[in-house]
Amino acid sequence: MGTCLDIKIKRANKVYHAGEVLSGVVVISGKDSIQHQGVSLTVEGSVNLQLSAKSVGVFEAFYNSVKPIQIINSTIEMVKPGKFPSGKTEIPFEFPLHVKGNKVLYETYHGVFVNIQYTLRCDMRRSLLAKDVTKTCEFIVHSAPQKGKLTPSPVDFTITPETLQNVRERALLPKFLIRGHLSSTSCVITQPLTGELLVESSEAAIKSIELQLVRVETCGCAEGYARDATEIQNIQIADGDVCRSLSVPIYMVFPRLFTCPTLETTNFKVDLESVHITCHASLRF
Amino acid sequence: MPFPGGELVSEKSILCDMNLFCLGKATATSAMSEKVRTRLEELDDFEEGSQKELLNLTQQDYVNRIEELNQSLKDAWASDQKVKALKIVIQGKLVYERIFSMCVDNRSVLPDHFSPENVNDTAKETCLNWFFKIASIRELIPRFYVEASILKCNKFLSKTGISECLPRLTCMIRGIGDPLVSVYARAYLCRVGMEVAPHLKESLNKNFFDFLLTFKQIHGDTVQNQLVVQGVELPSYLPLYSPAMDWIFQCISYHAPEALLTEMMERCKKLGNNALLLNSVMSAFRAEFIATRSMDFIGMIKECDESGFPKHLLFRSLGLNLALADPPEGDRLQILNEAWKVITKLKNPQDYVNCAEVWVEYTCKHFTKREVNTVLADVIKHMTPDRAFEDSYPQLQSIIKKVIAHFHDFSVLFSVEKFLPFLDMFQKESVRVEVCKCIMEVFIKHQQEPTKDPVILNALLHVCKTMHDSVNALTLEDEKRMLAYLINGFIKMVSFGRDFEQQLSFYVEARSMFCNLEPVLVQLIHSVNRLAMETRKVMKGNHSRKTAAFVRACVAYCFITIPSLVGIFTRLNLYLHSGQVALANQCLSQADAFFKAAISLIPEVPKMINIDGKMRPSESFLLEFLCNFFSTLLIVPDHPEHGVLFLVRELLNVIQDYTWEDNSDDKIRIYTCVLHLLSAMSQETYLYHIDKVDSNDSLYGGDTKFLAENNKLCETVMAQILEHLKTLAKDEALKRQSSLGLSFFNSILAHGDLRNNRLNQLSVNLWHLAQRHGCADTRTMVKTLEYIKKRSKHPDMGHLTELALRLPLQTRT
């Protein structure tokens, strides 16, 4: 390719907050001089909702995607039609991240049914004979840190065969007693989830203890609301038959992009809801 | 790393492998290799999915495979397939270096002790990305290892990162259920911790105490069931823990205060004196700490459960400490008794010898030959049945080395009754020779005084004979030289004092024993010659009938030994040397025999000889030998039955017949030397004499017939020289002609009587010859002339003035 278009965002981590100025450079490079019909830069931000097959049926889910909600969309003309000299040309740009009206810049989030994405697109229009050149680049929006100190709300839990809900024959279960606590039920997204877990007793040899992070996405649609819980990540905190009465740490870092602070709007809702503890055990007689 | 245990470092390659954590360093049982196979197949799967036949896989194969993977990892990393690389093995170092290199821009290089502020955003972001990726690894063990391996990268992000991360990782290991897997995880973390942040001792201790908390698991149902399934016995399973435990213990105890060590020991004790813990304490803690508490440890070892960790390993560990540090004086004997009581009961010869080997050091260090003898006897008793010694040569060798390292006095050493029977256990020749070499090395190093102790002589002759007998056609030169050096060292240290006959008969015996090693024979000849000279010295030159006979015996010894040597110059020099000794001892006919032998040997000197593996021309050596020979011939009296100057004539004939190098002047150089000899012989009194030997000067007393013979010889030799000078009158040889002419001139000047007209004329001719073609060095000529003028001022040298006038200097124009 003779012509090369690239967008370089100033911040290495590409993270911006509402109200900040998104800045960077567009780099155009080529061996020969480049004739063009103008270069423009577009910032787009939208929420894409996908209905789950579970709640509306396969076909609807496929066709009836809810229209994307636009959060931000603005274009600026960077360069008027003309010619770039051969070699490298850098054009700096700045975009204040403001939204019109009462719209809110939600945090970037990649979920299953809800997607919030922000992109920066640079278009170089060219004459009929040459193809237009486009380059897109995602940037990440974080909502401003919450004001005020978060008061930790620790919680203790106990798991025994009796506390399990979805069990058919309770009698068949081996006896066990697991206790533990979480440092806080509501967490700051940048901080890991911490806690402890202690196997007091277990008749069966434990194979694995896992921590499951689940999100709940709710989409509004014609028939009402569709609510879906999906796994984000699953982390093993114990492998094999752990030592009894010795606390095992619970520790999970929230993955970037796939999580966001609990969010509630008229059309959709994202909750990072629960942590499930799974315990695989085998009974040996 | 400041602490010992290189062996453990190599364990890393195993530890790094995410899919393998159950394997310690020890034996590969069949059950283990089953496990190994499935793991290897897993590893293969994400490579090329090759289905290898992995039956009968040994531990070594496995390690090799891991090494291979390690290499392919590095390749993959280099070729940008970083995720694949990460899949194979964890290499935190590579990640660290990559991020570090990102911090380096064109201008500045990050200092070694950088702070996070110096790190640029891109590097930080990349680093953070690594940590996020790792945090989302589902499985606990791989997540732990990968994170531990890039622990150092925390430095890029924050100052406190490492100190926060280490305790968290330490806690994380609690989630690993298998105690063997978890102990190796702890060892790895300690290793990384010591490397990255050696000052953070807290985590080390926490690892230790956490480990103690989980210790009971080993005897729990899960592990026990697993062992039954895999068919592994407890005594072979438990030692698998040792390398990792030793490592952890060593990290903690390194430079640790006494109080901490005591606390650790107390904590271990609380867990019912478990042998496994005890063993690691003994292998990791300072030897002094252990040694001073030896009796406590013996007590603890005794209390240990018989069925679990093998006791001989415990005694071995204790023994290793006692070899390094000394226990309290009062306890020493009791320690030995207690320990040996257990060791001697060991049934398996391998276990036994491994233990005994260690304890021999302690025994030698603190006790007398009596105790050592007992120990050696016990070893023999254990190792002889079923030829068990055959499998334990290295240990037995090490025992011998320890014993001889402590008993420098060989008379004491050989009075240890079981020492020689112990040597008999080394029945494989190569090992036997090695052991003999060790003994001889120590002997040569430590024996100060010559000895005639029959015990030492007998034993060492036996040892040397063993070494000598190992020599065969395939033995390397170096090896032979080494053996000969050792045997010679022994021969030199044998002395019977004034009992010369005994000494000679020792040399006779030695000759018959060591006939295959030439350097030894040479040494023997020198020794015998020395013996003859010693005798002469004792008798102050006047031999009695008895000593004369003895000296002749010595001479005969040399005469019959020399022909068995191979080296031609060795033989020539020894003939000359022995001839001189014979002459000094007034054995005239024997001396003649030596010289005749030497003369008849000269035609055999080859053109080229092998010196240190390189072929070199032999002429310069021959020249040197002959000059030496001439000096001796001056004082050799003529044999009454042979003609005048019989030996000189014979030698001249040999020189004449020898095929000399075509374009070499060596023959003429020799002839010039002969002229010097003849000139010296025609003096009234010779320059030097041998005491009590009448040389030709006193034999003939300047007899005219003798002088005439001498002159005739001179003339013949000079004719030869002139003949040769004539042949050099060719363009390419003019330079040689000039220098040879000048040297002949100088010889005449120094040795000739220039009042003789013919000689005078000859010298003038030679002077001209030297200068004729402008080849002569003017400065040399000027100096020579000045010398002649100076000499002419001496009394009786007036005739030189006239000569000087006849020697013109040619200017080069």
# chains A, B, ... in the order shown; residues from 1 in each chain; ligands from 1
$ interface_residues --of "chain B" --to "chain A" --cutoff "8 Å" --atoms "only C-alpha atoms" --output "short mmCIF file (atom, residue, chain, number, x, y, z; two decimals) with N, CA, C and O atoms, in the first residue's frame"
data_model
loop_
_atom_site.label_atom_id
_atom_site.label_comp_id
_atom_site.auth_asym_id
_atom_site.auth_seq_id
_atom_site.Cartn_x
_atom_site.Cartn_y
_atom_site.Cartn_z
N ASP B 121 4.62 5.69 29.78
CA ASP B 121 3.25 5.18 29.81
C ASP B 121 3.08 3.89 29.02
O ASP B 121 2.37 2.99 29.45
N THR B 122 3.71 3.83 27.88
CA THR B 122 3.55 2.64 27.03
C THR B 122 4.02 1.41 27.78
O THR B 122 3.35 0.37 27.79
N GLU B 125 1.61 0.55 30.49
CA GLU B 125 0.38 -0.02 29.95
C GLU B 125 0.60 -1.49 29.57
O GLU B 125 -0.20 -2.35 29.88
N PHE B 132 -3.24 -7.97 33.96
CA PHE B 132 -4.66 -8.24 33.76
C PHE B 132 -4.87 -9.57 33.08
O PHE B 132 -5.75 -10.34 33.46
N ALA B 135 -4.28 -12.28 35.53
CA ALA B 135 -5.32 -12.38 36.55
C ALA B 135 -6.53 -13.14 36.04
O ALA B 135 -7.32 -13.63 36.82
N SER B 136 -6.67 -13.21 34.71
CA SER B 136 -7.86 -13.89 34.22
C SER B 136 -7.59 -15.34 33.83
O SER B 136 -8.45 -16.00 33.27
N ILE B 137 -6.38 -15.84 34.10
CA ILE B 137 -6.13 -17.27 33.85
C ILE B 137 -7.00 -18.08 34.78
O ILE B 137 -7.02 -17.84 35.99
N ARG B 138 -7.71 -18.99 34.23
CA ARG B 138 -8.70 -19.70 35.02
C ARG B 138 -8.06 -20.59 36.09
O ARG B 138 -8.44 -20.56 37.25
N GLU B 139 -7.08 -21.37 35.68
CA GLU B 139 -6.55 -22.35 36.60
C GLU B 139 -5.62 -21.70 37.62
O GLU B 139 -4.84 -20.81 37.29
N LEU B 140 -5.70 -22.21 38.82
CA LEU B 140 -4.95 -21.62 39.92
C LEU B 140 -3.44 -21.74 39.73
O LEU B 140 -2.70 -20.75 39.85
N ILE B 141 -2.97 -22.96 39.43
CA ILE B 141 -1.53 -23.19 39.45
C ILE B 141 -0.81 -22.43 38.34
O ILE B 141 0.15 -21.72 38.61
N CYS B 171 -0.27 -16.48 50.11
CA CYS B 171 -1.58 -16.95 50.53
C CYS B 171 -2.23 -17.79 49.44
O CYS B 171 -2.91 -18.78 49.72
N MET B 172 -2.00 -17.38 48.22
CA MET B 172 -2.63 -18.05 47.09
C MET B 172 -2.27 -19.54 47.07
O MET B 172 -3.07 -20.38 46.69
N ARG B 174 -2.04 -21.48 49.36
CA ARG B 174 -2.91 -22.27 50.24
C ARG B 174 -4.00 -22.99 49.47
O ARG B 174 -4.54 -23.98 49.93
N GLY B 175 -4.36 -22.44 48.33
CA GLY B 175 -5.41 -23.07 47.54
C GLY B 175 -4.97 -24.32 46.82
O GLY B 175 -5.78 -25.03 46.26
N ILE B 176 -3.66 -24.59 46.80
CA ILE B 176 -3.19 -25.79 46.11
C ILE B 176 -3.33 -26.97 47.05
O ILE B 176 -2.73 -27.00 48.11
N GLY B 177 -4.16 -27.90 46.62
CA GLY B 177 -4.51 -28.99 47.53
C GLY B 177 -3.42 -30.03 47.70
O GLY B 177 -3.17 -30.50 48.81
N ASP B 178 -2.74 -30.36 46.63
CA ASP B 178 -1.72 -31.41 46.71
C ASP B 178 -0.50 -30.86 47.45
O ASP B 178 0.13 -29.90 46.99
N LEU B 213 1.57 -25.64 58.55
CA LEU B 213 0.13 -25.81 58.79
C LEU B 213 -0.46 -26.89 57.88
O LEU B 213 -1.35 -27.63 58.28
N THR B 214 0.04 -26.95 56.65
CA THR B 214 -0.52 -27.93 55.72
C THR B 214 0.17 -29.28 55.81
O THR B 214 -0.18 -30.20 55.08
N GLN B 217 -1.44 -32.75 55.95
CA GLN B 217 -2.09 -33.32 54.76
C GLN B 217 -1.38 -34.55 54.22
O GLN B 217 -2.01 -35.43 53.65
N THR B 222 -6.44 -38.24 51.40
CA THR B 222 -6.33 -37.97 49.97
C THR B 222 -4.97 -38.40 49.43
O THR B 222 -4.88 -39.12 48.43
#
$ select_by_dssp --residues "range 340-518 of chain B" --states "helix (DSSP H, G or I)" --output "VMD selection string"
chain B and resid 340 to 343 349 to 366 369 to 383 385 to 391 393 to 406 410 to 415 419 to 423 429 to 446 454 to 469 477 to 492 500 to 513 518
$ atom_distance --atom1 "CA of Asn663 in chain B" --atom2 "CA of Asp731 in chain B"
13.5 Å
$ residues_around --residues "Ser253 in chain B" --least-positions-apart "4" --cutoff "12 Å" --atoms "only C-alpha atoms" --output "ChimeraX atom specification"
/B:3-4,201,204-205,208,245-249,257-265,280-287,289
$ write_last_selection --atoms "N, CA, C and O atoms" --output "CSV table (one decimal), in the first residue's frame"
chain,number,residue,atom,x,y,z
B,3,PHE,N,23.1,-18.2,48.1
B,3,PHE,CA,23.1,-19.4,48.9
B,3,PHE,C,23.3,-20.6,48.0
B,3,PHE,O,23.1,-20.6,46.8
B,4,PRO,N,23.8,-21.7,48.6
B,4,PRO,CA,24.2,-22.8,47.9
B,4,PRO,C,23.0,-23.6,47.3
B,4,PRO,O,21.8,-23.3,47.6
B,201,LYS,N,11.9,-10.7,54.1
B,201,LYS,CA,12.0,-12.0,54.7
B,201,LYS,C,10.7,-12.5,55.2
B,201,LYS,O,10.5,-13.7,55.4
B,204,LEU,N,9.0,-15.2,53.3
B,204,LEU,CA,9.7,-16.5,53.4
B,204,LEU,C,9.2,-17.2,54.7
B,204,LEU,O,8.9,-18.4,54.6
B,205,ASN,N,9.2,-16.5,55.8
B,205,ASN,CA,8.8,-17.1,57.0
B,205,ASN,C,7.3,-17.6,56.9
B,205,ASN,O,7.0,-18.6,57.4
B,208,PHE,N,7.1,-20.7,55.2
B,208,PHE,CA,7.5,-21.8,56.1
B,208,PHE,C,6.3,-22.2,57.0
B,208,PHE,O,6.0,-23.4,57.2
B,245,MET,N,11.8,-28.4,50.2
B,245,MET,CA,11.9,-28.0,51.6
B,245,MET,C,13.3,-27.5,51.9
B,245,MET,O,13.4,-26.4,52.6
B,246,ASP,N,14.3,-28.2,51.4
B,246,ASP,CA,15.6,-27.7,51.7
B,246,ASP,C,15.8,-26.3,51.2
B,246,ASP,O,16.4,-25.4,51.8
B,247,TRP,N,15.2,-26.1,50.0
B,247,TRP,CA,15.4,-24.8,49.4
B,247,TRP,C,14.7,-23.7,50.3
B,247,TRP,O,15.3,-22.6,50.5
B,248,ILE,N,13.5,-24.0,50.7
B,248,ILE,CA,12.7,-23.0,51.5
B,248,ILE,C,13.5,-22.7,52.8
B,248,ILE,O,13.7,-21.6,53.2
B,249,PHE,N,13.9,-23.8,53.4
B,249,PHE,CA,14.6,-23.7,54.7
B,249,PHE,C,15.9,-22.9,54.5
B,249,PHE,O,16.3,-22.1,55.4
B,257,PRO,N,19.0,-14.9,62.3
B,257,PRO,CA,19.5,-14.9,63.7
B,257,PRO,C,19.2,-16.2,64.4
B,257,PRO,O,18.2,-16.9,64.0
B,258,GLU,N,20.0,-16.5,65.3
B,258,GLU,CA,19.9,-17.8,66.1
B,258,GLU,C,18.4,-18.0,66.6
B,258,GLU,O,17.9,-19.1,66.5
B,259,ALA,N,17.8,-16.9,67.1
B,259,ALA,CA,16.5,-17.0,67.7
B,259,ALA,C,15.5,-17.6,66.7
B,259,ALA,O,14.7,-18.4,67.0
B,260,LEU,N,15.6,-17.1,65.4
B,260,LEU,CA,14.6,-17.6,64.4
B,260,LEU,C,14.8,-19.1,64.2
B,260,LEU,O,13.9,-19.8,64.1
B,261,LEU,N,16.1,-19.5,64.1
B,261,LEU,CA,16.4,-20.9,63.8
B,261,LEU,C,15.8,-21.7,65.0
B,261,LEU,O,15.2,-22.8,64.7
B,262,THR,N,16.0,-21.3,66.2
B,262,THR,CA,15.5,-22.0,67.3
B,262,THR,C,14.0,-22.1,67.2
B,262,THR,O,13.4,-23.2,67.5
B,263,GLU,N,13.4,-21.0,66.9
B,263,GLU,CA,11.9,-21.0,66.8
B,263,GLU,C,11.4,-22.0,65.8
B,263,GLU,O,10.5,-22.7,66.0
B,264,MET,N,12.1,-21.9,64.6
B,264,MET,CA,11.7,-22.9,63.5
B,264,MET,C,11.8,-24.3,64.0
B,264,MET,O,11.0,-25.1,63.7
B,265,MET,N,12.9,-24.5,64.7
B,265,MET,CA,13.1,-25.9,65.2
B,265,MET,C,12.1,-26.3,66.1
B,265,MET,O,11.5,-27.4,66.1
B,280,SER,N,15.2,-31.7,56.5
B,280,SER,CA,15.4,-30.4,55.8
B,280,SER,C,16.1,-29.4,56.7
B,280,SER,O,16.9,-28.6,56.3
B,281,VAL,N,15.7,-29.5,58.0
B,281,VAL,CA,16.4,-28.6,59.0
B,281,VAL,C,17.9,-28.8,58.9
B,281,VAL,O,18.7,-27.9,58.9
B,282,MET,N,18.2,-30.1,58.9
B,282,MET,CA,19.6,-30.5,59.0
B,282,MET,C,20.3,-30.1,57.7
B,282,MET,O,21.5,-29.7,57.7
B,283,SER,N,19.6,-30.2,56.6
B,283,SER,CA,20.4,-29.9,55.3
B,283,SER,C,20.4,-28.4,55.1
B,283,SER,O,21.3,-27.9,54.3
B,284,ALA,N,19.5,-27.6,55.7
B,284,ALA,CA,19.5,-26.2,55.3
B,284,ALA,C,20.1,-25.3,56.4
B,284,ALA,O,20.7,-24.3,56.0
B,285,PHE,N,20.1,-25.7,57.6
B,285,PHE,CA,20.6,-24.8,58.7
B,285,PHE,C,22.1,-24.8,58.7
B,285,PHE,O,22.7,-25.7,58.2
B,286,ARG,N,22.6,-23.8,59.3
B,286,ARG,CA,24.1,-23.7,59.5
B,286,ARG,C,24.6,-24.9,60.2
B,286,ARG,O,24.1,-25.4,61.1
B,287,ALA,N,25.7,-25.4,59.6
B,287,ALA,CA,26.3,-26.6,60.2
B,287,ALA,C,26.7,-26.5,61.7
B,287,ALA,O,26.5,-27.4,62.5
B,289,PHE,N,25.2,-24.7,63.9
B,289,PHE,CA,23.9,-24.8,64.7
B,289,PHE,C,23.6,-26.2,64.9
B,289,PHE,O,23.2,-26.6,66.0
$ select_by_dssp --residues "range 46-202 of chain A" --states "strand (DSSP E)" --output "VMD selection string"
chain A and resid 46 to 49 69 to 79 82 to 84 87 to 96 109 to 110 114 to 124 133 to 142 155 to 159 176 to 182 193 to 202
$ closest_residue --among "A:Glu217, A:Glu196, A:Glu138, A:Asp132" --to "Val155 in chain A" --atoms "only C-alpha atoms"
A:Glu196
$ closest_residue --among "A:Phe93, A:Thr151, A:Ile159, A:Val25" --to "Ser186 in chain A" --atoms "only C-alpha atoms"
A:Thr151
$ closest_residue --among "A:Asp156, A:Glu44, A:Glu162, A:Glu200" --to "Leu177 in chain A" --atoms "only C-alpha atoms"
A:Glu200
$ residues_around --residues "Leu41 in chain A" --least-positions-apart "5" --cutoff "9 Å" --atoms "only C-alpha atoms" --output "ChimeraX atom specification"
/A:74-78,93,120-124
$ write_last_selection --atoms "C-alpha atoms" --output "mmCIF file, in the first residue's frame"
data_model
loop_
_atom_site.group_PDB
_atom_site.id
_atom_site.type_symbol
_atom_site.label_atom_id
_atom_site.label_comp_id
_atom_site.auth_asym_id
_atom_site.auth_seq_id
_atom_site.Cartn_x
_atom_site.Cartn_y
_atom_site.Cartn_z
ATOM 1 C CA SER A 74 -19.519 14.500 15.745
ATOM 2 C CA THR A 75 -17.280 15.078 12.783
ATOM 3 C CA ILE A 76 -14.701 17.673 12.053
ATOM 4 C CA GLU A 77 -12.995 18.474 8.819
ATOM 5 C CA MET A 78 -9.293 18.276 9.439
ATOM 6 C CA PHE A 93 -6.283 17.030 16.781
ATOM 7 C CA LEU A 120 -12.503 7.505 16.551
ATOM 8 C CA ARG A 121 -12.598 7.310 12.781
ATOM 9 C CA CYS A 122 -10.477 9.098 10.302
ATOM 10 C CA ASP A 123 -11.555 9.228 6.658
ATOM 11 C CA MET A 124 -9.511 10.387 3.769
#
$ atom_distance --atom1 "CA of Ile173 in chain B" --atom2 "CA of Leu227 in chain B"
22.0 Å
$ closest_residue --among "B:Leu626, B:Arg530, B:Cys558, B:Gln771" --to "Ala593 in chain B" --atoms "only C-alpha atoms"
B:Cys558
$ residues_around --residues "Pro161 in chain A" --least-positions-apart "5" --cutoff "8 Å" --atoms "only C-alpha atoms" --output "CSV table (one decimal) with C-alpha atoms, in the first residue's frame"
chain,number,residue,atom,x,y,z
A,170,ARG,CA,-30.2,-33.4,49.4
A,173,LEU,CA,-24.9,-34.9,49.0
A,174,PRO,CA,-21.7,-35.5,51.1
A,175,LYS,CA,-21.6,-33.5,54.2
A,176,PHE,CA,-19.5,-30.4,54.2
A,177,LEU,CA,-19.1,-27.1,55.9
$ residues_around --residues "Ile487 in chain B" --least-positions-apart "4" --cutoff "9 Å" --atoms "only C-alpha atoms" --output "compact mmCIF listing (two decimals) with all heavy atoms, in the first residue's frame"
# COMPACT_ATOMS: atom_id res chain seq x y z
N MET B 440 49.11 -42.25 45.98
CA MET B 440 50.46 -41.82 45.68
C MET B 440 50.58 -40.30 45.68
O MET B 440 51.59 -39.75 46.10
CB MET B 440 50.93 -42.37 44.32
CG MET B 440 51.19 -43.86 44.30
SD MET B 440 52.06 -44.47 45.75
CE MET B 440 53.65 -43.67 45.52
N LEU B 461 54.79 -50.35 47.17
CA LEU B 461 55.25 -51.10 45.99
C LEU B 461 54.07 -51.80 45.34
O LEU B 461 53.92 -51.82 44.12
CB LEU B 461 56.30 -52.13 46.39
CG LEU B 461 57.76 -51.67 46.33
CD1 LEU B 461 58.68 -52.77 46.80
CD2 LEU B 461 58.13 -51.20 44.94
N CYS B 464 52.07 -49.14 43.58
CA CYS B 464 52.72 -48.71 42.35
C CYS B 464 52.65 -49.80 41.28
O CYS B 464 52.49 -49.52 40.09
CB CYS B 464 54.18 -48.35 42.60
SG CYS B 464 54.34 -46.83 43.51
N LYS B 465 52.79 -51.02 41.73
CA LYS B 465 52.73 -52.13 40.78
C LYS B 465 51.37 -52.17 40.11
O LYS B 465 51.26 -52.40 38.91
CB LYS B 465 53.00 -53.44 41.55
CG LYS B 465 52.88 -54.69 40.71
CD LYS B 465 54.25 -55.33 40.49
CE LYS B 465 54.16 -56.61 39.71
NZ LYS B 465 54.30 -56.42 38.27
N MET B 467 49.45 -49.67 39.55
CA MET B 467 49.40 -48.60 38.56
C MET B 467 50.16 -49.00 37.31
O MET B 467 49.70 -48.83 36.19
CB MET B 467 50.01 -47.31 39.13
CG MET B 467 49.22 -46.73 40.28
SD MET B 467 49.63 -45.01 40.60
CE MET B 467 51.30 -45.12 41.10
N HIS B 468 51.37 -49.52 37.55
CA HIS B 468 52.23 -49.89 36.42
C HIS B 468 51.57 -50.95 35.56
O HIS B 468 51.61 -50.88 34.33
CB HIS B 468 53.57 -50.40 36.96
CG HIS B 468 54.41 -51.02 35.90
ND1 HIS B 468 54.38 -52.38 35.64
CD2 HIS B 468 55.29 -50.49 35.02
CE1 HIS B 468 55.21 -52.65 34.65
NE2 HIS B 468 55.78 -51.52 34.25
N MET B 482 51.93 -39.42 33.86
CA MET B 482 51.40 -39.21 35.21
C MET B 482 51.80 -40.36 36.12
O MET B 482 52.30 -40.15 37.24
CB MET B 482 49.87 -39.11 35.10
CG MET B 482 49.18 -38.77 36.39
SD MET B 482 49.62 -37.11 36.89
CE MET B 482 49.33 -37.21 38.63
N LEU B 483 51.59 -41.58 35.63
CA LEU B 483 51.91 -42.75 36.45
C LEU B 483 53.41 -42.76 36.76
O LEU B 483 53.81 -43.01 37.91
CB LEU B 483 51.52 -44.03 35.71
CG LEU B 483 50.02 -44.22 35.48
CD1 LEU B 483 49.77 -45.49 34.67
CD2 LEU B 483 49.29 -44.29 36.80
N ILE B 491 59.95 -43.67 44.41
CA ILE B 491 61.32 -44.19 44.39
C ILE B 491 62.27 -43.20 45.05
O ILE B 491 63.16 -43.59 45.81
CB ILE B 491 61.76 -44.47 42.92
CG1 ILE B 491 60.98 -45.68 42.40
CG2 ILE B 491 63.26 -44.73 42.84
CD1 ILE B 491 61.18 -45.95 40.94
N LYS B 492 62.04 -41.90 44.79
CA LYS B 492 62.93 -40.90 45.36
C LYS B 492 62.83 -40.83 46.88
O LYS B 492 63.74 -40.36 47.53
CB LYS B 492 62.61 -39.52 44.76
CG LYS B 492 63.14 -39.34 43.36
CD LYS B 492 62.93 -37.90 42.93
CE LYS B 492 62.51 -37.84 41.48
NZ LYS B 492 61.93 -36.56 41.13
N PHE B 514 58.76 -52.28 37.34
CA PHE B 514 58.26 -51.16 36.55
C PHE B 514 58.89 -51.05 35.16
O PHE B 514 59.10 -49.97 34.65
CB PHE B 514 58.50 -49.84 37.32
CG PHE B 514 57.99 -49.88 38.72
CD1 PHE B 514 58.82 -49.61 39.80
CD2 PHE B 514 56.67 -50.23 38.97
CE1 PHE B 514 58.34 -49.66 41.09
CE2 PHE B 514 56.17 -50.28 40.27
CZ PHE B 514 57.02 -50.00 41.33
N VAL B 520 60.53 -44.27 34.51
CA VAL B 520 60.87 -44.89 35.79
C VAL B 520 62.25 -45.54 35.69
O VAL B 520 63.09 -45.42 36.60
CB VAL B 520 59.81 -45.93 36.20
CG1 VAL B 520 60.21 -46.63 37.47
CG2 VAL B 520 58.46 -45.26 36.35
$ closest_residue --among "A:Leu105, A:Val79, A:Ile178, A:Ile7" --to "Gln37 in chain A" --atoms "only C-alpha atoms"
A:Val79
